[in-house]
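One structure is given here, and the rest of the page talks about it.
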Amino acid sequence: MSDDKKLTTRAEDFSAWYNEVVLRAELADYSPVRGCMVIRPSGYGIWERMQRALDDMFKATGHQNAYFPLFIPESFLHKEAEHVQGFAPETAVVTHGGGKELDEPLVVRPTSETIIYSMFAKWVQSYRDLPILINQWANVVRWEMRTRLFLRTLEFLWQEGHTAHVTHDEAEEEARKILGLYSDFMEGWMAMPVITGQKTESEKFAGALRTYACEAMMQDNRALQAGTSHNLGQNFAKAFNLTFQAENGEIAHAWNTSWGVSTRLVGALVMTHGDDNGLRIPPLLAPTELVIVPIWKSDDERGRVLETARRVYDSLRDWERREPNRLRVHLDDRESMKPGAKYYEWELRGVPLRMELGPRDIDKNQCVLVRRDTRAKATASLDSVGEDVETLLEAIQDDMVAAALDRREKNSHRGPITYDRFRQLMDGEGGFVYAGWCGDPACETTVKEDTKATIRVMPDEEFRSAEPPRTCVRCGRPSTTEALWAKAY
RNA sequence: CGGGGCGUAGCGUAGCCUGGUAUCGCGCCUGCUUUGGGAGCAGGAGGUCACCGGUUCAAAUCCGGUCGCCCCGACCA
């Protein structure tokens, strides 16, 4: 990079752009351990806001937080056949403790179904003990071959919900409810619209009956799985003797669900909203919503401007209209940097709204407000700037989701499509293709080999095409289901 | 694990082919002048050239090995 002030552009190299934004916006950094990353305060601040929003949603739907151990007896993983097949190859295993070899190796959890359902089995006797609705915020480890900041690291942070129910239908309702909750969060808070639907057999969670997922489109037109919700059926209940006595006296196995989103969402945020100047954080998730940049020339002016800036800062921070969640405002009073340099820095960091305040503004009792998403400038009276800030932040949040939706739809393809055209798309611009599928896993595999595209989901009704596809995009046989095809992360 | 690239100051780099005092930019420190879109000038600090071994009077440079990182594939939140 000849000009190391400028980012590589998305068009030049999307992958390089992504890495640069994450590093230079100080969201994360590489660690001394291969494949592991350090989440820095700017990145963790976003995750904390995500956590808070999601946690409130979980609590509002009756879930409680708990915490289960990091270590899982190796034998637990083997109790559910598909589960061990799916996860065993990518586990980290502890063989020694306190200088001695362990009798039974401990697996560092790649996910916690086994240990959690073993405990549920201990706690449940009667149908009256159900449902159990548990969530935990935790770290998990999966020994991936290839890693990328936030998108795939050996260790990552997530939440995993685990529930147990009396009936299949109740578990199904729970899995679906959470999928909807995730979708609402991603659209409402992250300004990232998603397609929801069911995964095919080949893509479903190891050990699940059915997997539902939220799929988002990144700016390089690839799909990112942003969250999953599984109906586990009775598979784990049977493996861990999670039984209860029903109302009629019979012993039955419980029905489970599990569901999770991870710090991958921070990466999704970058790839959904970032531009060639850096990050753009939707206001609801921004650790700082508004940054005030004072401008002065002489010492005399500096005193005057800073005094006003501090007054504005105090009044906005304590603004009662924003109780109980105070406006997250920062005053950048660093003296060694020119205003322009500060603008670039805050734009890189993605702060949604900037206030410029100089002598000329103060003379007119006004300030300049600049949106990060559009870089549009507007003046506002200092007497009522709170209202303007509030209005703009809401507009930014709304416009960001609208822009993301618009981008996704522009790069989505519906209607009859030949396999040649499909291959051409996947080879070039990419995007989401809604096309028919005969239901044969062989076609799925062939398409993947030919194009690297996979069925992301069999979309839910609201996302399906008005005219259902008639034939399988690969083989031409009658379509049994509409599928969303795309290259994925 | 296969293919490619790369390890030189906090970051980014030149030098390596053809061995001989460590290059430049950003950042950092001090001072002065600056501050409405990435400040200027002057002075200054900062390096076991990834590691180990070999060749040589002499190695960042040549040879052998090791480790690590990034990118592209096969696997995945």
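Numbering starts fresh at 1 for the residues of each chain in the structure tokens, the chains themselves are lettered A, B, ... in the order given, and ligands are numbered from 1 as they appear.
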
- request: Pick out the residues sitting within 12 Å of range 54-62 of chain A, and hand them over as a ChimeraX atom specification; count only C-alpha atoms (C1' of nucleotides), and ignore anything fewer than 6 positions along from it in its own chain.
  value: /A:47-48,131-137,158-163,174,177-186,188-190,259-262,285

- request: Compile the residues of chain B that lie within 8 Å of chain A, evaluated using only C-alpha atoms (C1' of nucleotides), and express the compilation as a list in words.
  value: G12, C26, U35, G36, G37, G38, A39, C75, C76 and A77 of chain B

How would the residues just picked look written out with C-alpha atoms (C1' of nucleotides) as a tab-separated table (two decimals), in the first residue's frame?
```tsv
chain	number	residue	atom	x	y	z
B	12	G	C1'	4.43	-0.72	6.51
B	26	C	C1'	4.01	6.42	8.99
B	35	U	C1'	-5.93	23.35	13.95
B	36	G	C1'	-13.47	24.37	9.41
B	37	G	C1'	-11.27	17.21	5.85
B	38	G	C1'	-5.34	13.16	7.11
B	39	A	C1'	-0.29	20.04	9.66
B	75	C	C1'	-13.75	-28.79	6.51
B	76	C	C1'	-16.73	-25.18	9.68
B	77	A	C1'	-20.72	-20.49	14.11
```

task: Rank nothing, just name the residue among B:C57, B:C62, B:A50, B:C41 nearest to U8 in chain B, using only C-alpha atoms (C1' of nucleotides).
output: B:A50

Interatomic distance, CA of Glu429 in chain A to CA of Glu201 in chain A (Å, one decimal): 27.5 Å

task: Could you give me, as a ChimeraX atom specification, the residues within 8 Å of G19 in chain B, counting only C-alpha atoms (C1' of nucleotides) and dropping anything in the same chain fewer than 6 positions from it?
output: /B:58-59,61-62

Go ahead and save the picked residues with N, CA and C atoms (P, O5', C5', C4', C3', O3' and C1' of nucleotides), as a short mmCIF file (atom, residue, chain, number, x, y, z; two decimals), in the first residue's frame.
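Listed below is the output, out05.cif:
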```cif
data_model
loop_
_atom_site.label_atom_id
_atom_site.label_comp_id
_atom_site.auth_asym_id
_atom_site.auth_seq_id
_atom_site.Cartn_x
_atom_site.Cartn_y
_atom_site.Cartn_z
P A B 58 35.14 -15.17 9.28
"O5'" A B 58 34.31 -13.87 8.84
"C5'" A B 58 34.19 -12.78 9.75
"C4'" A B 58 33.48 -11.64 9.08
"C3'" A B 58 32.09 -11.97 8.54
"O3'" A B 58 31.11 -11.89 9.54
"C1'" A B 58 33.34 -10.77 6.92
P A B 59 29.84 -12.87 9.51
"O5'" A B 59 29.03 -12.41 8.22
"C5'" A B 59 28.51 -11.08 8.10
"C4'" A B 59 27.10 -11.13 7.56
"C3'" A B 59 26.11 -11.86 8.47
"O3'" A B 59 24.82 -11.28 8.28
"C1'" A B 59 26.26 -13.01 6.43
P U B 61 21.77 -13.81 6.00
"O5'" U B 61 21.66 -13.24 4.51
"C5'" U B 61 20.46 -13.33 3.76
"C4'" U B 61 20.66 -12.67 2.43
"C3'" U B 61 21.64 -13.38 1.51
"O3'" U B 61 21.16 -13.37 0.18
"C1'" U B 61 22.35 -11.16 1.90
P C B 62 20.45 -14.69 -0.36
"O5'" C B 62 21.65 -15.72 -0.45
"C5'" C B 62 22.47 -15.80 -1.61
"C4'" C B 62 23.45 -16.94 -1.48
"C3'" C B 62 22.88 -18.20 -0.83
"O3'" C B 62 22.18 -19.00 -1.76
"C1'" C B 62 24.94 -17.67 0.18
#
```

query: Counting only C-alpha atoms (C1' of nucleotides), which of B:U34, B:G68, B:C63, B:U23 gets nearest to C51 in chain B?
result: B:G68

field: Residue set, range 221-418 of chain A restricted to strand (DSSP E or B), as a ChimeraX atom specification
entry: /A:223-233,243-245,251-253,255-262,275,278,290-294,329-331,353-357,366-371,377-381,412-413

Written file, previous selection with N, CA and C atoms, as a compact mmCIF listing (two decimals), in the first residue's frame:
```
# COMPACT_ATOMS: atom_id res chain seq x y z
N ALA A 223 -22.75 -15.52 1.11
CA ALA A 223 -23.67 -15.69 2.24
C ALA A 223 -22.88 -15.94 3.51
N LEU A 224 -23.41 -15.42 4.61
CA LEU A 224 -22.83 -15.72 5.91
C LEU A 224 -23.93 -16.26 6.81
N GLN A 225 -23.70 -17.47 7.34
CA GLN A 225 -24.63 -18.03 8.30
C GLN A 225 -24.47 -17.26 9.60
N ALA A 226 -25.53 -16.55 9.98
CA ALA A 226 -25.40 -15.63 11.10
C ALA A 226 -25.94 -16.20 12.40
N GLY A 227 -26.77 -17.21 12.30
CA GLY A 227 -27.31 -17.81 13.52
C GLY A 227 -28.03 -19.10 13.17
N THR A 228 -28.03 -20.04 14.11
CA THR A 228 -28.74 -21.30 13.86
C THR A 228 -29.59 -21.66 15.07
N SER A 229 -30.66 -22.38 14.77
CA SER A 229 -31.56 -22.86 15.82
C SER A 229 -31.96 -24.29 15.45
N HIS A 230 -31.72 -25.22 16.38
CA HIS A 230 -31.92 -26.63 16.06
C HIS A 230 -33.05 -27.26 16.86
N ASN A 231 -33.86 -28.02 16.18
CA ASN A 231 -34.76 -28.94 16.87
C ASN A 231 -33.99 -30.25 16.96
N LEU A 232 -33.57 -30.61 18.17
CA LEU A 232 -32.70 -31.78 18.34
C LEU A 232 -33.49 -33.08 18.45
N GLY A 233 -34.80 -32.96 18.43
CA GLY A 233 -35.61 -34.16 18.59
C GLY A 233 -35.32 -34.81 19.93
N THR A 243 -35.14 -38.34 30.71
CA THR A 243 -36.52 -38.85 30.67
C THR A 243 -37.35 -38.18 31.76
N PHE A 244 -38.66 -38.30 31.60
CA PHE A 244 -39.56 -37.75 32.61
C PHE A 244 -40.82 -38.62 32.64
N GLN A 245 -41.53 -38.54 33.75
CA GLN A 245 -42.79 -39.28 33.84
C GLN A 245 -43.91 -38.35 33.40
N ILE A 251 -43.09 -43.24 31.13
CA ILE A 251 -41.77 -42.59 31.05
C ILE A 251 -41.51 -42.22 29.59
N ALA A 252 -41.11 -40.98 29.38
CA ALA A 252 -40.86 -40.54 28.00
C ALA A 252 -39.56 -39.74 27.93
N HIS A 253 -38.95 -39.71 26.75
CA HIS A 253 -37.76 -38.87 26.54
C HIS A 253 -38.18 -37.44 26.22
N TRP A 255 -37.81 -33.61 24.59
CA TRP A 255 -37.47 -33.07 23.28
C TRP A 255 -36.62 -31.82 23.49
N ASN A 256 -35.48 -31.71 22.78
CA ASN A 256 -34.55 -30.62 23.02
C ASN A 256 -34.43 -29.66 21.84
N THR A 257 -34.03 -28.43 22.18
CA THR A 257 -33.59 -27.49 21.14
C THR A 257 -32.26 -26.90 21.58
N SER A 258 -31.47 -26.48 20.64
CA SER A 258 -30.31 -25.65 20.96
C SER A 258 -30.15 -24.62 19.86
N TRP A 259 -29.55 -23.50 20.22
CA TRP A 259 -29.48 -22.38 19.28
C TRP A 259 -28.36 -21.43 19.70
N GLY A 260 -27.73 -20.79 18.73
CA GLY A 260 -26.60 -19.95 19.08
C GLY A 260 -26.26 -18.89 18.04
N VAL A 261 -25.71 -17.79 18.55
CA VAL A 261 -25.03 -16.81 17.70
C VAL A 261 -23.70 -16.48 18.37
N SER A 262 -22.74 -16.06 17.55
CA SER A 262 -21.39 -15.88 18.08
C SER A 262 -20.82 -14.52 17.74
N ASP A 275 -17.54 0.58 4.60
CA ASP A 275 -17.29 1.14 3.27
C ASP A 275 -15.79 1.43 3.13
N GLY A 278 -13.98 2.80 6.03
CA GLY A 278 -13.91 2.04 7.27
C GLY A 278 -15.24 1.45 7.70
N LEU A 290 -22.33 9.30 19.18
CA LEU A 290 -22.04 10.65 18.70
C LEU A 290 -20.68 11.09 19.22
N VAL A 291 -19.85 11.61 18.31
CA VAL A 291 -18.57 12.16 18.74
C VAL A 291 -18.57 13.65 18.44
N ILE A 292 -18.13 14.43 19.42
CA ILE A 292 -18.07 15.88 19.25
C ILE A 292 -16.62 16.26 18.94
N VAL A 293 -16.42 16.93 17.80
CA VAL A 293 -15.08 17.38 17.42
C VAL A 293 -15.05 18.91 17.47
N PRO A 294 -14.39 19.46 18.48
CA PRO A 294 -14.29 20.92 18.57
C PRO A 294 -13.21 21.46 17.63
N VAL A 329 -22.11 9.49 24.11
CA VAL A 329 -21.46 10.60 23.42
C VAL A 329 -20.02 10.75 23.90
N HIS A 330 -19.14 11.11 22.98
CA HIS A 330 -17.73 11.29 23.32
C HIS A 330 -17.26 12.65 22.82
N LEU A 331 -16.51 13.34 23.67
CA LEU A 331 -15.92 14.62 23.27
C LEU A 331 -14.45 14.40 22.96
N LEU A 353 -22.54 9.20 14.16
CA LEU A 353 -22.84 10.63 14.00
C LEU A 353 -21.72 11.46 14.60
N ARG A 354 -21.36 12.54 13.87
CA ARG A 354 -20.28 13.41 14.34
C ARG A 354 -20.81 14.84 14.45
N MET A 355 -20.41 15.53 15.50
CA MET A 355 -20.77 16.93 15.64
C MET A 355 -19.51 17.77 15.48
N GLU A 356 -19.54 18.70 14.55
CA GLU A 356 -18.43 19.64 14.39
C GLU A 356 -18.84 20.96 15.03
N LEU A 357 -17.97 21.48 15.88
CA LEU A 357 -18.32 22.67 16.63
C LEU A 357 -17.15 23.64 16.62
N GLN A 366 -25.07 27.31 16.79
CA GLN A 366 -25.41 26.10 16.06
C GLN A 366 -24.22 25.15 16.03
N CYS A 367 -24.43 24.00 15.43
CA CYS A 367 -23.34 23.06 15.21
C CYS A 367 -23.61 22.35 13.89
N VAL A 368 -22.62 21.59 13.43
CA VAL A 368 -22.79 20.83 12.20
C VAL A 368 -22.85 19.35 12.57
N LEU A 369 -23.87 18.64 12.09
CA LEU A 369 -23.99 17.20 12.34
C LEU A 369 -23.72 16.45 11.04
N VAL A 370 -22.82 15.47 11.10
CA VAL A 370 -22.44 14.73 9.90
C VAL A 370 -22.73 13.24 10.10
N ARG A 371 -23.52 12.69 9.20
CA ARG A 371 -23.86 11.26 9.27
C ARG A 371 -22.71 10.42 8.75
N LYS A 377 -24.08 16.42 5.63
CA LYS A 377 -23.93 17.40 6.70
C LYS A 377 -25.21 18.21 6.86
N ALA A 378 -25.51 18.58 8.10
CA ALA A 378 -26.65 19.46 8.36
C ALA A 378 -26.32 20.31 9.57
N THR A 379 -26.88 21.53 9.62
CA THR A 379 -26.66 22.35 10.81
C THR A 379 -27.83 22.17 11.76
N ALA A 380 -27.53 22.35 13.05
CA ALA A 380 -28.58 22.21 14.05
C ALA A 380 -28.38 23.29 15.11
N SER A 381 -29.48 23.79 15.62
CA SER A 381 -29.41 24.79 16.69
C SER A 381 -28.96 24.12 17.98
N SER A 412 -29.95 -10.60 -5.80
CA SER A 412 -30.68 -11.85 -5.70
C SER A 412 -31.34 -12.15 -7.04
N HIS A 413 -31.38 -13.44 -7.37
CA HIS A 413 -31.90 -13.83 -8.67
C HIS A 413 -33.03 -14.83 -8.49
```

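Straight-line separation from CA of Phe240 in chain A to CA of Glu82 in chain A: 14.2 Å.
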